[in-house]
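J.: Quick one: structure below, then a few questions.
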Amino acid sequence: MKGHWMISLKNVSLEVGGKSLLDGVSFDFEDGKVYGLLGPNGAGKTTLMKTMLGLTAYSGEVLSDGRRAENEEFGSLIEYPAFYPRLTARENLELYARYRKIHRADVMTALDEVGLADSADVLVTKMSLGMRQRLGVARACLGSPRYLLLDEPTNGLDPLGIKEVRALLRGSLRHPKRCIIVSSHNLPELAAVSDELVFVRNGRLVSSTLCIGSASALEGLYEEIFSSNTEGRQPCA
Ligand SMILES: Nc1ncnc2c1ncn2[C@@H]1O[C@H](COP(=O)(O)OP(=O)(O)OP(=O)(O)O)[C@@H](O)[C@H]1O
């Protein structure tokens, strides 16, 4: 087995109603890293995450350490997280833990991981959008999954909320044995939290870059990639 990769996509394709949503995607996501998924609207970022979660039929392989990945290995936040508004943060997570057959004791660990331990007994309806988003991340972290898929976790957040999610991605969510894949349209924000950026276009992973020097360099690279047919791994900017 090669090095220390964890999730390996091998020629993953998905077609719905004659339209190709994913087109022969192959990529290795390594442990201990945060990957930023970038691409225009409709590029296939969410579809890719749903496919990894096994929520869609697909051809090709999604492997975890060389064997078929199981849904239980993933924690995910796809689009806006939905909660029971009249239940507390803790009660919401306990319900979810029961559903996923995750130990109840993990609920406080997950809330602690996102800095919401002190708000465990706050009703969701009383929480700010930023707190709810962090609660969504806590739900994704229940059971300490090896893979975290976060689809636009800063969507709709104010600068303070964005800062909170950024701090999580740079700090407490990171683990040497965990791989995090996060999508966003906020280029500088994504660059600030990612170890590697992966560019998606028309259902294909067209490029990846290991690091970016500045926000303007990233914007330039984004423009270059999405206004050309560039494919392959880019050098550091
Ligand atoms: N269930 C579905 N049936 C048919 N087409 C779908 C389905 N889900 C998504 N699509 C299409 O797949 C393409 C990719 O959508 P997807 O939501 O994955 O893109 P995205 O990169 O996440 O976009 P955004 O940045 O706007 O969230 C779009 O053309 C979308 O219309």
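We label chains A, B, ... in the order they appear in the structure tokens, count residues from 1 in each chain, and number ligands from 1 in the order shown.
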Which neighbours of Thr154 of chain A fall inside 10 Å, counting only C-alpha atoms, when residues of the same chain fewer than 4 positions from it are skipped, and could you give them as a short mmCIF file (atom, residue, chain, number, x, y, z; two decimals) with N, CA and C atoms, in the first residue's frame?
T.:
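See part32.cif below for the written result:
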```
data_model
loop_
_atom_site.label_atom_id
_atom_site.label_comp_id
_atom_site.auth_asym_id
_atom_site.auth_seq_id
_atom_site.Cartn_x
_atom_site.Cartn_y
_atom_site.Cartn_z
N GLU A 79 -24.44 21.16 3.15
CA GLU A 79 -25.34 22.30 3.10
C GLU A 79 -25.73 22.73 4.52
N TYR A 80 -26.87 23.42 4.69
CA TYR A 80 -27.22 23.91 6.03
C TYR A 80 -27.65 22.76 6.94
N LEU A 129 -26.49 31.82 13.97
CA LEU A 129 -26.20 30.99 12.80
C LEU A 129 -24.81 30.34 12.93
N GLY A 130 -23.87 31.13 13.45
CA GLY A 130 -22.50 30.62 13.61
C GLY A 130 -22.46 29.46 14.60
N GLN A 133 -23.95 26.44 12.98
CA GLN A 133 -23.01 25.85 12.02
C GLN A 133 -21.97 25.03 12.78
N ARG A 134 -21.51 25.57 13.91
CA ARG A 134 -20.54 24.81 14.71
C ARG A 134 -21.18 23.55 15.28
N LEU A 150 -17.00 18.63 4.86
CA LEU A 150 -17.71 19.85 5.25
C LEU A 150 -18.00 20.66 3.99
N ASP A 158 -21.45 35.49 9.28
CA ASP A 158 -20.82 36.82 9.34
C ASP A 158 -19.33 36.63 9.64
N PRO A 159 -18.55 37.72 9.57
CA PRO A 159 -17.10 37.57 9.76
C PRO A 159 -16.71 36.87 11.05
N GLY A 161 -18.52 34.55 12.65
CA GLY A 161 -18.84 33.13 12.46
C GLY A 161 -17.79 32.46 11.59
N ILE A 162 -17.36 33.16 10.54
CA ILE A 162 -16.33 32.61 9.65
C ILE A 162 -15.04 32.39 10.43
N LYS A 163 -14.74 33.36 11.27
CA LYS A 163 -13.51 33.26 12.08
C LYS A 163 -13.57 32.04 13.01
N GLU A 164 -14.76 31.78 13.55
CA GLU A 164 -14.92 30.63 14.46
C GLU A 164 -14.67 29.32 13.71
N VAL A 165 -15.27 29.20 12.53
CA VAL A 165 -15.10 27.96 11.76
C VAL A 165 -13.65 27.82 11.32
N ARG A 166 -13.04 28.96 10.94
CA ARG A 166 -11.64 28.93 10.53
C ARG A 166 -10.75 28.40 11.67
N VAL A 182 -13.05 20.16 2.75
CA VAL A 182 -13.98 21.26 2.98
C VAL A 182 -14.15 22.05 1.68
N SER A 183 -15.40 22.37 1.35
CA SER A 183 -15.63 23.15 0.13
C SER A 183 -16.06 24.56 0.51
N SER A 184 -15.74 25.49 -0.35
CA SER A 184 -16.14 26.88 -0.11
C SER A 184 -15.94 27.69 -1.38
N HIS A 185 -16.69 28.80 -1.48
CA HIS A 185 -16.45 29.74 -2.58
C HIS A 185 -15.56 30.89 -2.11
N ASN A 186 -15.27 30.89 -0.82
CA ASN A 186 -14.45 31.96 -0.26
C ASN A 186 -12.97 31.57 -0.41
N GLU A 189 -10.38 32.41 2.38
CA GLU A 189 -10.72 31.66 3.57
C GLU A 189 -10.29 30.20 3.43
N LEU A 190 -10.58 29.65 2.26
CA LEU A 190 -10.24 28.24 2.03
C LEU A 190 -8.72 28.05 2.03
#
```
J.: Env of Pro176 of chain A: 10 Å cut, atoms = only C-alpha atoms, seq-sep filter 5 positions within chain, self excluded. Answer as a PDB file with C-alpha atoms, in the first residue's frame.
T.:
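Output file around.pdb is given in full below:
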```pdb
ATOM      1  CA  GLU A  30      -3.968  11.740   2.711  1.00  0.00           C
ATOM      2  CA  ASP A  31      -4.376  11.542   6.452  1.00  0.00           C
ATOM      3  CA  GLY A  32      -3.622  14.507   8.696  1.00  0.00           C
ATOM      4  CA  LYS A  33      -4.490  17.015   5.977  1.00  0.00           C
ATOM      5  CA  ARG A 146     -11.648   9.416  10.245  1.00  0.00           C
TER       6      ARG A 146
END
```
J.: Name the residues of segment 87-211 of chain A that fall into strand (DSSP E) according to DSSP on the backbone, using the chain letters and numbers of this document, as a ChimeraX atom specification.
T.: /A:147-151,179-183,196-201,204-209
J.: Take the residues just selected and output them with N, CA and C atoms as a PDB file, in the first residue's frame.
T.:
```pdb
ATOM      1  N   TYR A 147     -12.869  10.603   8.545  1.00  0.00           N
ATOM      2  CA  TYR A 147     -13.003  11.549   7.443  1.00  0.00           C
ATOM      3  C   TYR A 147     -14.110  12.541   7.746  1.00  0.00           C
ATOM      4  N   LEU A 148     -13.782  13.804   7.569  1.00  0.00           N
ATOM      5  CA  LEU A 148     -14.787  14.846   7.770  1.00  0.00           C
ATOM      6  C   LEU A 148     -15.030  15.540   6.445  1.00  0.00           C
ATOM      7  N   LEU A 149     -16.279  15.551   6.000  1.00  0.00           N
ATOM      8  CA  LEU A 149     -16.627  16.240   4.757  1.00  0.00           C
ATOM      9  C   LEU A 149     -17.492  17.440   5.127  1.00  0.00           C
ATOM     10  N   LEU A 150     -16.998  18.632   4.864  1.00  0.00           N
ATOM     11  CA  LEU A 150     -17.715  19.851   5.248  1.00  0.00           C
ATOM     12  C   LEU A 150     -18.002  20.665   3.988  1.00  0.00           C
ATOM     13  N   ASP A 151     -19.288  20.719   3.624  1.00  0.00           N
ATOM     14  CA  ASP A 151     -19.682  21.392   2.399  1.00  0.00           C
ATOM     15  C   ASP A 151     -20.092  22.829   2.727  1.00  0.00           C
ATOM     16  N   CYS A 179      -8.663  13.001   7.959  1.00  0.00           N
ATOM     17  CA  CYS A 179      -8.585  13.756   6.716  1.00  0.00           C
ATOM     18  C   CYS A 179      -9.852  14.606   6.620  1.00  0.00           C
ATOM     19  N   ILE A 180      -9.674  15.881   6.363  1.00  0.00           N
ATOM     20  CA  ILE A 180     -10.825  16.794   6.289  1.00  0.00           C
ATOM     21  C   ILE A 180     -10.912  17.347   4.870  1.00  0.00           C
ATOM     22  N   ILE A 181     -12.102  17.283   4.298  1.00  0.00           N
ATOM     23  CA  ILE A 181     -12.322  17.873   2.976  1.00  0.00           C
ATOM     24  C   ILE A 181     -13.396  18.936   3.144  1.00  0.00           C
ATOM     25  N   VAL A 182     -13.053  20.156   2.753  1.00  0.00           N
ATOM     26  CA  VAL A 182     -13.976  21.265   2.977  1.00  0.00           C
ATOM     27  C   VAL A 182     -14.154  22.045   1.679  1.00  0.00           C
ATOM     28  N   SER A 183     -15.399  22.366   1.350  1.00  0.00           N
ATOM     29  CA  SER A 183     -15.627  23.152   0.134  1.00  0.00           C
ATOM     30  C   SER A 183     -16.056  24.560   0.512  1.00  0.00           C
ATOM     31  N   GLU A 196      -3.986  21.660   1.070  1.00  0.00           N
ATOM     32  CA  GLU A 196      -3.952  21.450  -0.372  1.00  0.00           C
ATOM     33  C   GLU A 196      -5.296  21.867  -0.946  1.00  0.00           C
ATOM     34  N   LEU A 197      -5.236  22.522  -2.098  1.00  0.00           N
ATOM     35  CA  LEU A 197      -6.472  22.953  -2.760  1.00  0.00           C
ATOM     36  C   LEU A 197      -6.725  22.062  -3.967  1.00  0.00           C
ATOM     37  N   VAL A 198      -7.977  21.673  -4.116  1.00  0.00           N
ATOM     38  CA  VAL A 198      -8.349  20.789  -5.220  1.00  0.00           C
ATOM     39  C   VAL A 198      -9.422  21.499  -6.040  1.00  0.00           C
ATOM     40  N   PHE A 199      -9.180  21.609  -7.328  1.00  0.00           N
ATOM     41  CA  PHE A 199     -10.076  22.380  -8.197  1.00  0.00           C
ATOM     42  C   PHE A 199     -11.002  21.433  -8.972  1.00  0.00           C
ATOM     43  N   VAL A 200     -12.294  21.733  -8.922  1.00  0.00           N
ATOM     44  CA  VAL A 200     -13.300  20.891  -9.583  1.00  0.00           C
ATOM     45  C   VAL A 200     -13.977  21.679 -10.691  1.00  0.00           C
ATOM     46  N   ARG A 201     -14.087  21.041 -11.847  1.00  0.00           N
ATOM     47  CA  ARG A 201     -14.795  21.694 -12.953  1.00  0.00           C
ATOM     48  C   ARG A 201     -15.524  20.632 -13.760  1.00  0.00           C
ATOM     49  N   ARG A 204     -15.046  17.049 -12.863  1.00  0.00           N
ATOM     50  CA  ARG A 204     -13.680  16.493 -12.919  1.00  0.00           C
ATOM     51  C   ARG A 204     -12.791  17.256 -11.941  1.00  0.00           C
ATOM     52  N   LEU A 205     -11.827  16.556 -11.352  1.00  0.00           N
ATOM     53  CA  LEU A 205     -10.807  17.242 -10.553  1.00  0.00           C
ATOM     54  C   LEU A 205      -9.729  17.658 -11.539  1.00  0.00           C
ATOM     55  N   VAL A 206      -9.656  18.951 -11.817  1.00  0.00           N
ATOM     56  CA  VAL A 206      -8.783  19.386 -12.906  1.00  0.00           C
ATOM     57  C   VAL A 206      -7.387  19.789 -12.447  1.00  0.00           C
ATOM     58  N   SER A 207      -7.233  20.066 -11.170  1.00  0.00           N
ATOM     59  CA  SER A 207      -5.925  20.516 -10.720  1.00  0.00           C
ATOM     60  C   SER A 207      -5.869  20.495  -9.198  1.00  0.00           C
ATOM     61  N   SER A 208      -4.660  20.444  -8.659  1.00  0.00           N
ATOM     62  CA  SER A 208      -4.518  20.643  -7.216  1.00  0.00           C
ATOM     63  C   SER A 208      -3.224  21.401  -6.979  1.00  0.00           C
ATOM     64  N   THR A 209      -3.203  22.110  -5.882  1.00  0.00           N
ATOM     65  CA  THR A 209      -1.995  22.872  -5.571  1.00  0.00           C
ATOM     66  C   THR A 209      -1.664  22.697  -4.096  1.00  0.00           C
TER      67      THR A 209
END
```
J.: So which residues are near ligand 1, meaning at most 9 Å away with only C-alpha atoms and all ligand atoms counted, given back as an MDAnalysis selection string?
T.: chainID A and resid 15:17 19:22 37:50 56 79 151:152 183:185 200:203
J.: Check the smallest atom-to-atom distance from each of A:Leu160, A:Leu142, A:Val137, A:Met6 to Arg67 of chain A using only C-alpha atoms, then report the winner.
T.: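 Ranked by minimum distance to Arg67 of chain A, first place goes to A:Met6.
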J.: Using DSSP assignments from the backbone, pull out every residue in segment 54-205 of chain A that falls under alpha helix (DSSP H) and give it to me as a ChimeraX atom specification.
T.: /A:89-99,106-113,129-141,159-170,187-193
J.: Just want the 12 Å neighbourhood of His103 of chain A, counted on only C-alpha atoms, with same-chain residues fewer than 6 positions away dropped. Output as a PyMOL selection string.
T.: chain A and resi 93-97+109-110+142-144
J.: Using N, CA and C atoms, can you write the selected residues to a file as an mmCIF file, in the first residue's frame?
T.:
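Generated output (result_15.cif):
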```cif
data_model
loop_
_atom_site.group_PDB
_atom_site.id
_atom_site.type_symbol
_atom_site.label_atom_id
_atom_site.label_comp_id
_atom_site.auth_asym_id
_atom_site.auth_seq_id
_atom_site.Cartn_x
_atom_site.Cartn_y
_atom_site.Cartn_z
ATOM 1 N N LEU A 93 -27.885 16.426 19.467
ATOM 2 C CA LEU A 93 -26.777 15.501 19.179
ATOM 3 C C LEU A 93 -27.029 14.116 19.768
ATOM 4 N N GLU A 94 -27.714 14.082 20.925
ATOM 5 C CA GLU A 94 -28.008 12.770 21.526
ATOM 6 C C GLU A 94 -28.938 11.958 20.624
ATOM 7 N N LEU A 95 -29.920 12.669 20.040
ATOM 8 C CA LEU A 95 -30.836 11.983 19.116
ATOM 9 C C LEU A 95 -30.070 11.398 17.942
ATOM 10 N N TYR A 96 -29.186 12.229 17.401
ATOM 11 C CA TYR A 96 -28.413 11.803 16.238
ATOM 12 C C TYR A 96 -27.482 10.645 16.617
ATOM 13 N N ALA A 97 -26.872 10.740 17.808
ATOM 14 C CA ALA A 97 -25.964 9.685 18.262
ATOM 15 C C ALA A 97 -26.726 8.363 18.380
ATOM 16 N N THR A 109 -18.006 15.336 24.093
ATOM 17 C CA THR A 109 -16.680 15.429 23.462
ATOM 18 C C THR A 109 -16.780 16.239 22.176
ATOM 19 N N ALA A 110 -17.827 15.936 21.385
ATOM 20 C CA ALA A 110 -17.988 16.640 20.103
ATOM 21 C C ALA A 110 -18.319 18.115 20.332
ATOM 22 N N LEU A 142 -19.233 13.554 15.663
ATOM 23 C CA LEU A 142 -19.674 12.518 16.610
ATOM 24 C C LEU A 142 -19.055 11.170 16.260
ATOM 25 N N GLY A 143 -18.512 10.519 17.262
ATOM 26 C CA GLY A 143 -17.908 9.211 17.025
ATOM 27 C C GLY A 143 -16.498 9.309 16.465
ATOM 28 N N SER A 144 -15.935 10.508 16.459
ATOM 29 C CA SER A 144 -14.559 10.723 15.960
ATOM 30 C C SER A 144 -14.301 10.041 14.621
#
```
J.: Counting only C-alpha atoms, figure out which residue out of A:Asn155, A:Asn92, A:Ser172, A:Thr125 gets nearest to Glu113 of chain A.
T.: A:Ser172
